[in-house]
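Colleague: Can you keep this structure in mind? I'll have questions shortly.
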Amino acid sequence: METITRFAPSPTGYLHLGHAYSALINFEYARSVHGQFLLRIEDIDQGRCRPEYESAIYEDLAWLGLEWEQPVLRQSERMAIYEAQLAALQERGLVYRCFKTRKDIEQAMSAPHDSPTGAFRGEALAALEERDNLANGKPYAWRLSLTEAKAALGTTFSTLVYVEDTPGGLVDQPAEVERFGDVVLGRKDSGTSYHLSSVIDDATQGVTHVIRGEDLQEAAGLHALLYALFDLEPPIYRHHPLILGADEKRLAKRDQAATLRAMRDRGMSPDDLRAQLPDLAL
Ligand code: GLU
């Protein structure tokens with residue numbers, strides 16, 4: 001099977017050294033095994049995404065020497081696909097409408113006996129109450145029901161694992177999905193979510209290796225659950241260390257000095273930049 005990797009930035013700011021590290025590992029790994037490297041623009045959050053940041057992504061990655069397959073998949077053009085997949089989960093009773101506000105959730109969470117893992121769990125409202133809320137135009141999100149997911153997958157739920165590519169080789173990691181509670185798969189504002197669209201796209205694009213920062217390590221468990229519910233073959237995951245700034249904190253898009261364009265403006269070459277990065281450990 002051909003190896004397919006991807007780099008999937010959100011155009012909500014300029015790319016920094018941490019993005020360069022992630023993109024380079026994906027690119028060089030695919031190249032080392034004669035596979036494909038994809039670039040995906042994760043722009044479902046239209047309130048925070050900007051076209052100038054998207055153009056900067058193409059420019060910065062090209063400057064770095066990366067090449068990617070065409071056409072580039074842009075999530076904002078695939079909203080109908082995510083909606084259809086969410087509708088399929090609705091039909092199977094795996095998601096429910098949640099009308100709760102952030103404050104309602106906080107209050108529910110302050111009664112921890114309801115949730116041993118400290119994560120929110122809820123359920124669909126009674127039909128009449130739901131109808132009233134809908135008639136009143138009350139906004140809602142679609143949440144994955146862990147209870148229903150468990151029923152749908154039966155015994156495989158507790159044995160759900162994902163495969164992590166570690167320095168010591170491939171390891172089965174327990175998905176530990178209980179810790180997530182009932183996550184939002186369809187947000188009130190966008191109708192989809194990072195988790196839903198990312199899993200659907202990785203599956204649609206045939207991504208075989210998801211390589212990304214270790215801040216998303218836990219999310220892999222939830223993604224494994226979604227793959228199982230969609231009855232899809234999950235990719236192999238690798239979560240690399242995050243690049244830290246001088247203050248030992250992880251880089252964020254607001255750290256202007258670490259953006260690729262700021263480094264380029266300071267006269268750095270792509271090779272200078274690569275020299276600042278840890279080993280790609282391919
Ligand atoms: N758009 C996500 C981010 O920028 C990508 C996460 C992923 O690689 O799965 O953090």
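Going by the structure tokens order, chains are called A, B, ..., each with residues numbered from 1, while ligands are numbered from 1 in the order shown.
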Report as a ChimeraX atom specification which protein, DNA and RNA residues come within 9 Å of ligand 1, using only C-alpha atoms and all ligand atoms.
Modeller: /A:6-12,19,22,40-43,194-195,198-199,202,210-213,215-216,219-220
Colleague: Could you save the residues just selected, with N, CA, C and O atoms, as a JSON list (two decimals), in the first residue's frame?
Modeller:
```
[["chain", "number", "residue", "atom", "x", "y", "z"],
["A", 6, "ARG", "N", 0.06, 13.74, 5.44],
["A", 6, "ARG", "CA", -0.55, 15.05, 5.17],
["A", 6, "ARG", "C", -0.16, 16.05, 6.25],
["A", 6, "ARG", "O", 0.16, 15.70, 7.38],
["A", 7, "PHE", "N", -0.15, 17.32, 5.83],
["A", 7, "PHE", "CA", 0.02, 18.42, 6.78],
["A", 7, "PHE", "C", -1.27, 19.21, 6.65],
["A", 7, "PHE", "O", -1.70, 19.52, 5.54],
["A", 8, "ALA", "N", -1.90, 19.50, 7.81],
["A", 8, "ALA", "CA", -3.27, 20.04, 7.75],
["A", 8, "ALA", "C", -3.42, 21.31, 8.60],
["A", 8, "ALA", "O", -4.09, 21.30, 9.62],
["A", 9, "PRO", "N", -2.78, 22.40, 8.20],
["A", 9, "PRO", "CA", -2.86, 23.61, 9.02],
["A", 9, "PRO", "C", -4.20, 24.34, 8.89],
["A", 9, "PRO", "O", -4.91, 24.18, 7.90],
["A", 10, "SER", "N", -4.51, 25.12, 9.91],
["A", 10, "SER", "CA", -5.68, 26.00, 9.86],
["A", 10, "SER", "C", -5.16, 27.41, 9.57],
["A", 10, "SER", "O", -4.24, 27.87, 10.25],
["A", 11, "PRO", "N", -5.72, 28.09, 8.58],
["A", 11, "PRO", "CA", -5.20, 29.42, 8.23],
["A", 11, "PRO", "C", -5.70, 30.50, 9.19],
["A", 11, "PRO", "O", -6.43, 31.41, 8.80],
["A", 12, "THR", "N", -5.29, 30.37, 10.44],
["A", 12, "THR", "CA", -5.72, 31.36, 11.45],
["A", 12, "THR", "C", -4.53, 32.20, 11.92],
["A", 12, "THR", "O", -4.63, 32.93, 12.89],
["A", 19, "HIS", "N", 5.17, 24.38, 13.02],
["A", 19, "HIS", "CA", 4.50, 23.90, 11.81],
["A", 19, "HIS", "C", 5.53, 23.38, 10.81],
["A", 19, "HIS", "O", 5.31, 22.37, 10.15],
["A", 22, "SER", "N", 6.57, 19.89, 11.73],
["A", 22, "SER", "CA", 5.51, 18.91, 11.40],
["A", 22, "SER", "C", 5.43, 18.68, 9.89],
["A", 22, "SER", "O", 5.37, 17.54, 9.43],
["A", 40, "ARG", "N", -3.56, 19.94, 3.37],
["A", 40, "ARG", "CA", -5.02, 20.15, 3.53],
["A", 40, "ARG", "C", -5.24, 21.43, 4.33],
["A", 40, "ARG", "O", -4.61, 21.61, 5.37],
["A", 41, "ILE", "N", -6.13, 22.26, 3.85],
["A", 41, "ILE", "CA", -6.43, 23.51, 4.54],
["A", 41, "ILE", "C", -7.65, 23.29, 5.43],
["A", 41, "ILE", "O", -8.75, 23.04, 4.94],
["A", 42, "GLU", "N", -7.44, 23.36, 6.74],
["A", 42, "GLU", "CA", -8.54, 23.10, 7.69],
["A", 42, "GLU", "C", -9.17, 24.44, 8.08],
["A", 42, "GLU", "O", -8.83, 25.05, 9.09],
["A", 43, "ASP", "N", -10.10, 24.85, 7.24],
["A", 43, "ASP", "CA", -10.69, 26.20, 7.41],
["A", 43, "ASP", "C", -12.19, 26.15, 7.68],
["A", 43, "ASP", "O", -12.96, 26.91, 7.10],
["A", 194, "TYR", "N", -13.62, 19.94, 14.19],
["A", 194, "TYR", "CA", -12.30, 19.46, 13.78],
["A", 194, "TYR", "C", -12.30, 17.93, 13.73],
["A", 194, "TYR", "O", -11.85, 17.33, 12.74],
["A", 195, "HIS", "N", -12.81, 17.29, 14.80],
["A", 195, "HIS", "CA", -12.72, 15.82, 14.89],
["A", 195, "HIS", "C", -13.43, 15.15, 13.71],
["A", 195, "HIS", "O", -12.89, 14.26, 13.08],
["A", 198, "SER", "N", -11.80, 16.17, 10.16],
["A", 198, "SER", "CA", -10.44, 15.66, 9.99],
["A", 198, "SER", "C", -10.45, 14.14, 9.74],
["A", 198, "SER", "O", -9.74, 13.64, 8.86],
["A", 199, "VAL", "N", -11.28, 13.42, 10.50],
["A", 199, "VAL", "CA", -11.35, 11.97, 10.33],
["A", 199, "VAL", "C", -11.93, 11.62, 8.95],
["A", 199, "VAL", "O", -11.40, 10.77, 8.22],
["A", 202, "ASP", "N", -9.21, 12.46, 6.35],
["A", 202, "ASP", "CA", -8.08, 11.52, 6.35],
["A", 202, "ASP", "C", -8.51, 10.21, 5.69],
["A", 202, "ASP", "O", -7.77, 9.61, 4.90],
["A", 210, "VAL", "N", -0.84, 9.54, 9.99],
["A", 210, "VAL", "CA", -1.15, 10.87, 10.52],
["A", 210, "VAL", "C", -0.01, 11.25, 11.46],
["A", 210, "VAL", "O", 0.18, 10.63, 12.49],
["A", 211, "ILE", "N", 0.76, 12.24, 11.03],
["A", 211, "ILE", "CA", 1.92, 12.67, 11.84],
["A", 211, "ILE", "C", 1.66, 14.12, 12.26],
["A", 211, "ILE", "O", 1.49, 15.00, 11.39],
["A", 212, "ARG", "N", 1.60, 14.37, 13.56],
["A", 212, "ARG", "CA", 1.25, 15.71, 14.04],
["A", 212, "ARG", "C", 1.79, 15.89, 15.46],
["A", 212, "ARG", "O", 2.37, 14.97, 16.03],
["A", 213, "GLY", "N", 1.57, 17.06, 16.03],
["A", 213, "GLY", "CA", 2.13, 17.39, 17.33],
["A", 213, "GLY", "C", 1.51, 16.57, 18.46],
["A", 213, "GLY", "O", 0.37, 16.12, 18.37],
["A", 215, "ASP", "N", 0.35, 17.43, 21.14],
["A", 215, "ASP", "CA", -0.83, 18.01, 21.79],
["A", 215, "ASP", "C", -2.10, 17.33, 21.29],
["A", 215, "ASP", "O", -3.16, 17.47, 21.90],
["A", 216, "LEU", "N", -2.01, 16.60, 20.19],
["A", 216, "LEU", "CA", -3.19, 15.92, 19.66],
["A", 216, "LEU", "C", -3.18, 14.41, 19.92],
["A", 216, "LEU", "O", -4.02, 13.67, 19.41],
["A", 219, "ALA", "N", -6.42, 13.06, 21.28],
["A", 219, "ALA", "CA", -7.51, 13.10, 20.29],
["A", 219, "ALA", "C", -7.50, 11.85, 19.42],
["A", 219, "ALA", "O", -8.54, 11.44, 18.89],
["A", 220, "ALA", "N", -6.33, 11.20, 19.29],
["A", 220, "ALA", "CA", -6.25, 10.01, 18.44],
["A", 220, "ALA", "C", -7.20, 8.92, 18.95],
["A", 220, "ALA", "O", -7.75, 8.15, 18.17]]
```
Colleague: Can you tell me, as a PyMOL selection string, what residues are no more than 10 Å from stretch 93-106 of chain A when counting only C-alpha atoms, ignoring any on the same chain fewer than 6 positions away?
Modeller: chain A and resi 86-87+119-125+130+133-134+138-152+182-188+229
Colleague: Check the smallest atom-to-atom distance from each of A:Ser197, A:Gln173, A:Gln205, A:Asn26 to A:Ala80 using only C-alpha atoms, then report the winner.
Modeller: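 Once distances to A:Ala80 are computed over only C-alpha atoms, the minimum belongs to A:Ser197.
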Colleague: Record the distance separating atom CA of A:Gln107 and atom CA of A:Phe157, expressed in Å with one decimal.
Modeller: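 Separating atom CA of A:Gln107 from atom CA of A:Phe157 is a distance of 28.6 Å.
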Colleague: Find, counting only C-alpha atoms, the residue in A:Gly221, A:Phe230, A:Val163, A:Gly18 that gets nearest to A:Arg92.
Modeller: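 The answer is A:Phe230, which sits nearest to A:Arg92.
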Colleague: Check the DSSP output for the backbone and give back, as a ChimeraX atom specification, the residues of stretch 2-164 of chain A in alpha helix (DSSP H).
Modeller: /A:17-32,51-63,79-91,102-109,127-135,146-153
Colleague: Could you tell me which of A:Tyr14, A:Ile4, A:Glu218, A:Asp272 comes closest to A:Gln256 if we count only C-alpha atoms?
Modeller: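 Using only C-alpha atoms, A:Gln256 sits closest to A:Tyr14.
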Colleague: So what do you get for atom CA of A:Gly181 versus atom CA of A:Leu89, distance-wise?
Modeller: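 Rounded to one decimal, the two atoms are 16.9 Å apart.
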Colleague: Could you tell me how far atom CA of A:Met109 lies from atom CA of A:Glu176, in Å and to one decimal?
Modeller: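 Between atom CA of A:Met109 and atom CA of A:Glu176 the gap is 19.5 Å.
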Colleague: Which residues are near A:Leu160? Cut-off 8 Å, only C-alpha atoms, ignore same chain within fewer than 2 positions. Put them as an NGL selection string.
Modeller: :A and (156-158 or 162 or 174-176 or 224-225)
Colleague: Give me a file of those residues, with N, CA and C atoms, as a compact mmCIF listing (two decimals), in the first residue's frame.
Modeller:
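Saved as result_21.txt:
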```txt
# COMPACT_ATOMS: atom_id res chain seq x y z
N THR A 156 -16.19 -4.39 21.56
CA THR A 156 -14.95 -3.84 21.02
C THR A 156 -14.63 -2.47 21.62
N PHE A 157 -15.62 -1.85 22.26
CA PHE A 157 -15.45 -0.51 22.81
C PHE A 157 -14.28 -0.46 23.80
N SER A 158 -14.25 -1.41 24.72
CA SER A 158 -13.22 -1.37 25.76
C SER A 158 -11.86 -1.82 25.23
N TYR A 162 -5.50 2.33 19.05
CA TYR A 162 -4.98 2.86 17.79
C TYR A 162 -3.49 2.56 17.75
N PRO A 174 -4.30 2.20 23.97
CA PRO A 174 -5.72 2.15 24.29
C PRO A 174 -6.38 3.50 23.94
N ALA A 175 -7.56 3.44 23.36
CA ALA A 175 -8.21 4.68 22.92
C ALA A 175 -8.78 5.49 24.09
N GLU A 176 -9.09 4.83 25.19
CA GLU A 176 -9.59 5.53 26.40
C GLU A 176 -10.65 6.57 26.08
N ALA A 224 -9.97 7.24 16.74
CA ALA A 224 -10.07 5.78 16.56
C ALA A 224 -11.53 5.34 16.74
N LEU A 225 -12.21 5.95 17.70
CA LEU A 225 -13.63 5.62 17.91
C LEU A 225 -14.46 5.99 16.67
```
Colleague: Would you mind listing what lies within 8 Å of A:Glu67 as a CSV table (one decimal) with N, CA, C and O atoms, in the first residue's frame, with only C-alpha atoms counted and same-chain residues fewer than 4 positions away left out?
Modeller:
```csv
chain,number,residue,atom,x,y,z
A,27,PHE,N,6.5,15.5,5.0
A,27,PHE,CA,7.1,15.6,3.6
A,27,PHE,C,8.2,14.6,3.4
A,27,PHE,O,8.2,13.8,2.5
A,37,PHE,N,2.7,13.2,-0.4
A,37,PHE,CA,2.5,14.2,0.7
A,37,PHE,C,1.4,15.1,0.3
A,37,PHE,O,1.4,15.7,-0.8
A,61,LEU,N,5.5,27.3,2.7
A,61,LEU,CA,5.9,25.9,2.5
A,61,LEU,C,6.8,25.7,1.2
A,61,LEU,O,7.7,24.9,1.2
A,62,ALA,N,6.4,26.5,0.2
A,62,ALA,CA,7.2,26.4,-1.0
A,62,ALA,C,8.6,26.9,-0.8
A,62,ALA,O,9.6,26.4,-1.2
```
Colleague: Mind checking DSSP for stretch 40-278 of chain A and telling me the strand (DSSP E or B) residues as a PyMOL selection string?
Modeller: chain A and resi 40-41+73-74+95-98+141-144+161-166+169-174+184-186+209-213+236-240+244+250+259
Colleague: Point out the residue among A:Val177, A:Ala127, A:Leu17, A:Ala203 with the least atom-to-atom distance to A:Leu251, counting only C-alpha atoms.
Modeller: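 Distance minimum relative to A:Leu251 lands on A:Leu17.
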